[in-house]
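Structure, as structure tokens:
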Amino acid sequence: MFHAFDNHRPNRSTPRPEWMALLSRAPLPLLEQALSQQAALAPQWLRKPETGLYMVQGRAGGTGERFNLGELTVTRCALRVGDEGSAVGVAYVMGRNHRQAQLAAMADALLQDPAQHEALDAALLHPVRQHLHLQRAQRAARAQSTQVNFFTVARESGSADEGDEA
């Protein structure tokens with residue numbers, strides 16, 4: 001599901017809940033590329049990456065009673081980059097990739113630093129937005145290719161029936 005924060009308006013800084021949502025869906029290669037210069041930073045672990053399950057719930061018709069849809073594997077971690085007074089980075093990512101969770105948490109911590117926010121926004125968040133936009137367009141194209149226009153089918157089958165009667 002895509003949310004309004006996927007569509008970034010120009011000249012607007014990204015609030016933390018929005019960038020955390022983007023980081024949670026950022027592919028590992030984009031995270032590694034954007035954070036390659038910060039690889040030398042040693043994180044102070046507050047919670048090492050750990051994998052667990054979340055129960056995903058759904059609603060019939062979007063408004064009905066909640067029901068348990070299934071379980072989702074999630075990896076989470078929390079860390080601090082730098083000294084004791086620096087910001088805490090937190091990440092929750094789908095799947096079992098500990099490295100992805102670590103890099104997302106590191107990006108969260110670094111994005112909280114006003115001195116690094118603009119550069120990381122351009123180097124990381126903007127490419128993630130483009131990646132998610134491309135994924136959405138590809139998904140829409142695949143769905144469009146399977147769409148059936150029932151009006152056209154009915155018209156074509158009706159004209160074939162009329163030709164058989166004559």
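Ordered as shown in the structure tokens, chains take letters A, B, and onward, while each chain numbers its residues from 1 and ligands are numbered from 1 in the order shown.
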
Can you list, as a list in words, all residues belonging to segment 3-75 of chain A that DSSP tags as helix (DSSP H, G or I)?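 In segment 3-75 of chain A, DSSP puts these residues in helix (DSSP H, G or I): Ala4, Phe5, Asp6, Arg16, Pro17, Glu18, Trp19, Met20, Ala21, Leu22, Leu23, Ser24, Leu28, Pro29, Leu30, Leu31, Glu32, Gln33, Ala34, Gln37, Gln38, Ala39, Ala40, Ala60, Gly61 and Gly62 of chain A.
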
Same residues, C-alpha atoms, output as a PDB file, in the first residue's frame:
```pdb
ATOM      1  CA  ALA A   4       0.636  10.199   0.545  1.00  0.00           C
ATOM      2  CA  PHE A   5       4.241  10.474   1.769  1.00  0.00           C
ATOM      3  CA  ASP A   6       5.386   8.628  -1.352  1.00  0.00           C
ATOM      4  CA  ARG A  16      10.686  11.768  10.510  1.00  0.00           C
ATOM      5  CA  PRO A  17       7.659   9.425  10.231  1.00  0.00           C
ATOM      6  CA  GLU A  18       7.708   9.890   6.475  1.00  0.00           C
ATOM      7  CA  TRP A  19      11.430   9.242   6.037  1.00  0.00           C
ATOM      8  CA  MET A  20      11.216   6.228   8.351  1.00  0.00           C
ATOM      9  CA  ALA A  21       8.461   4.802   6.141  1.00  0.00           C
ATOM     10  CA  LEU A  22      10.629   5.380   3.084  1.00  0.00           C
ATOM     11  CA  LEU A  23      13.674   3.806   4.761  1.00  0.00           C
ATOM     12  CA  SER A  24      11.660   0.730   5.734  1.00  0.00           C
ATOM     13  CA  LEU A  28      19.591  -2.622   0.279  1.00  0.00           C
ATOM     14  CA  PRO A  29      21.680  -1.453  -2.723  1.00  0.00           C
ATOM     15  CA  LEU A  30      20.278   2.092  -2.437  1.00  0.00           C
ATOM     16  CA  LEU A  31      20.999   2.158   1.298  1.00  0.00           C
ATOM     17  CA  GLU A  32      24.545   0.873   0.833  1.00  0.00           C
ATOM     18  CA  GLN A  33      25.292   3.325  -1.953  1.00  0.00           C
ATOM     19  CA  ALA A  34      23.994   6.366  -0.048  1.00  0.00           C
ATOM     20  CA  GLN A  37      30.831   7.240   3.282  1.00  0.00           C
ATOM     21  CA  GLN A  38      29.369   6.586   6.753  1.00  0.00           C
ATOM     22  CA  ALA A  39      30.429   2.918   6.717  1.00  0.00           C
ATOM     23  CA  ALA A  40      33.403   3.775   8.931  1.00  0.00           C
ATOM     24  CA  ALA A  60     -13.594  -7.327   5.005  1.00  0.00           C
ATOM     25  CA  GLY A  61     -14.479  -4.584   2.555  1.00  0.00           C
ATOM     26  CA  GLY A  62     -12.174  -2.209   4.424  1.00  0.00           C
TER      27      GLY A  62
END
```

If we count only C-alpha atoms, what is near Lys48 of chain A at a cut-off of 8 Å, once residues fewer than 6 positions away on the same chain are taken out, given as a PyMOL selection string? chain A and resi 76-79

Save out the residues we just selected, N, CA, C and O atoms, as a PDB file, in the first residue's frame.
```pdb
ATOM      1  N   ARG A  76      14.070  -5.612  13.267  1.00  0.00           N
ATOM      2  CA  ARG A  76      14.140  -4.287  13.878  1.00  0.00           C
ATOM      3  C   ARG A  76      15.479  -4.116  14.575  1.00  0.00           C
ATOM      4  O   ARG A  76      16.141  -5.089  14.940  1.00  0.00           O
ATOM      5  N   CYS A  77      15.859  -2.849  14.747  1.00  0.00           N
ATOM      6  CA  CYS A  77      17.062  -2.544  15.521  1.00  0.00           C
ATOM      7  C   CYS A  77      17.036  -1.073  15.926  1.00  0.00           C
ATOM      8  O   CYS A  77      16.264  -0.281  15.385  1.00  0.00           O
ATOM      9  N   ALA A  78      17.872  -0.740  16.893  1.00  0.00           N
ATOM     10  CA  ALA A  78      18.029   0.644  17.349  1.00  0.00           C
ATOM     11  C   ALA A  78      19.508   0.857  17.630  1.00  0.00           C
ATOM     12  O   ALA A  78      20.181   0.003  18.210  1.00  0.00           O
ATOM     13  N   LEU A  79      20.013   2.014  17.224  1.00  0.00           N
ATOM     14  CA  LEU A  79      21.431   2.306  17.405  1.00  0.00           C
ATOM     15  C   LEU A  79      21.649   3.803  17.561  1.00  0.00           C
ATOM     16  O   LEU A  79      20.767   4.603  17.316  1.00  0.00           O
TER      17      LEU A  79
END
```

Find the residues around segment 111-120 of chain A up to 10 Å (only C-alpha atoms counted), leave out those fewer than 2 positions away in its own chain, and share them as a PyMOL selection string. chain A and resi 13-16+19-20+34-35+86-89+105-109+122-126

So the first atom is atom CA of His98 of chain A and the second is atom CA of Glu50 of chain A; what is the distance between them in Å, to one decimal place?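 Answer for the atom CA of His98 of chain A to atom CA of Glu50 of chain A separation: 7.3 Å.
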
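The environment of Val74 of chain A within 6 Å, counting only C-alpha atoms and disregarding residues fewer than 2 places along the same chain, consists of Thr51, Gly52, Leu53, Val93, Met94 and Gly95 of chain A.
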
Go ahead and save the residues from that selection, with N, CA, C and O atoms, as a PDB file, in the first residue's frame.
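Writing the result to selection_12.pdb gives the following:
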```
ATOM      1  N   THR A  51      14.992 -10.519  14.453  1.00  0.00           N
ATOM      2  CA  THR A  51      13.891 -10.843  13.559  1.00  0.00           C
ATOM      3  C   THR A  51      12.754 -11.465  14.348  1.00  0.00           C
ATOM      4  O   THR A  51      12.977 -12.280  15.238  1.00  0.00           O
ATOM      5  N   GLY A  52      11.552 -11.058  14.015  1.00  0.00           N
ATOM      6  CA  GLY A  52      10.365 -11.592  14.674  1.00  0.00           C
ATOM      7  C   GLY A  52       9.183 -11.568  13.725  1.00  0.00           C
ATOM      8  O   GLY A  52       9.326 -11.295  12.530  1.00  0.00           O
ATOM      9  N   LEU A  53       8.025 -11.854  14.270  1.00  0.00           N
ATOM     10  CA  LEU A  53       6.806 -11.917  13.467  1.00  0.00           C
ATOM     11  C   LEU A  53       5.795 -10.889  13.955  1.00  0.00           C
ATOM     12  O   LEU A  53       5.689 -10.627  15.158  1.00  0.00           O
ATOM     13  N   VAL A  93      12.119  -3.229   9.235  1.00  0.00           N
ATOM     14  CA  VAL A  93      12.042  -3.563   7.816  1.00  0.00           C
ATOM     15  C   VAL A  93      11.417  -4.945   7.652  1.00  0.00           C
ATOM     16  O   VAL A  93      11.590  -5.821   8.496  1.00  0.00           O
ATOM     17  N   MET A  94      10.692  -5.129   6.549  1.00  0.00           N
ATOM     18  CA  MET A  94      10.115  -6.430   6.263  1.00  0.00           C
ATOM     19  C   MET A  94      11.217  -7.394   5.872  1.00  0.00           C
ATOM     20  O   MET A  94      12.160  -7.020   5.183  1.00  0.00           O
ATOM     21  N   GLY A  95      11.112  -8.608   6.335  1.00  0.00           N
ATOM     22  CA  GLY A  95      12.076  -9.636   5.979  1.00  0.00           C
ATOM     23  C   GLY A  95      13.085  -9.889   7.076  1.00  0.00           C
ATOM     24  O   GLY A  95      12.938  -9.434   8.208  1.00  0.00           O
TER      25      GLY A  95
END
```

Could you produce a table of the residues of segment 12-101 of chain A lying within 12 Å of segment 133-150 of chain A, with the nearest pair of atoms per residue and their separation in Å rounded to one decimal, using only C-alpha atoms, ordered by chain and increasing residue number, as JSON lines?
```
{"residue": "A:Leu22", "atom": "CA", "partner": "A:His133", "partner_atom": "CA", "distance": 11.5}
{"residue": "A:Arg25", "atom": "CA", "partner": "A:Gln135", "partner_atom": "CA", "distance": 11.3}
{"residue": "A:Ala26", "atom": "CA", "partner": "A:Gln135", "partner_atom": "CA", "distance": 11.6}
{"residue": "A:Pro27", "atom": "CA", "partner": "A:Gln135", "partner_atom": "CA", "distance": 11.5}
```

Residues near segment 64-70 of chain A, anyone? I mean within 10 Å using only C-alpha atoms, not counting same-chain ones fewer than 4 positions away, as a VMD selection string. chain A and resid 53 to 60
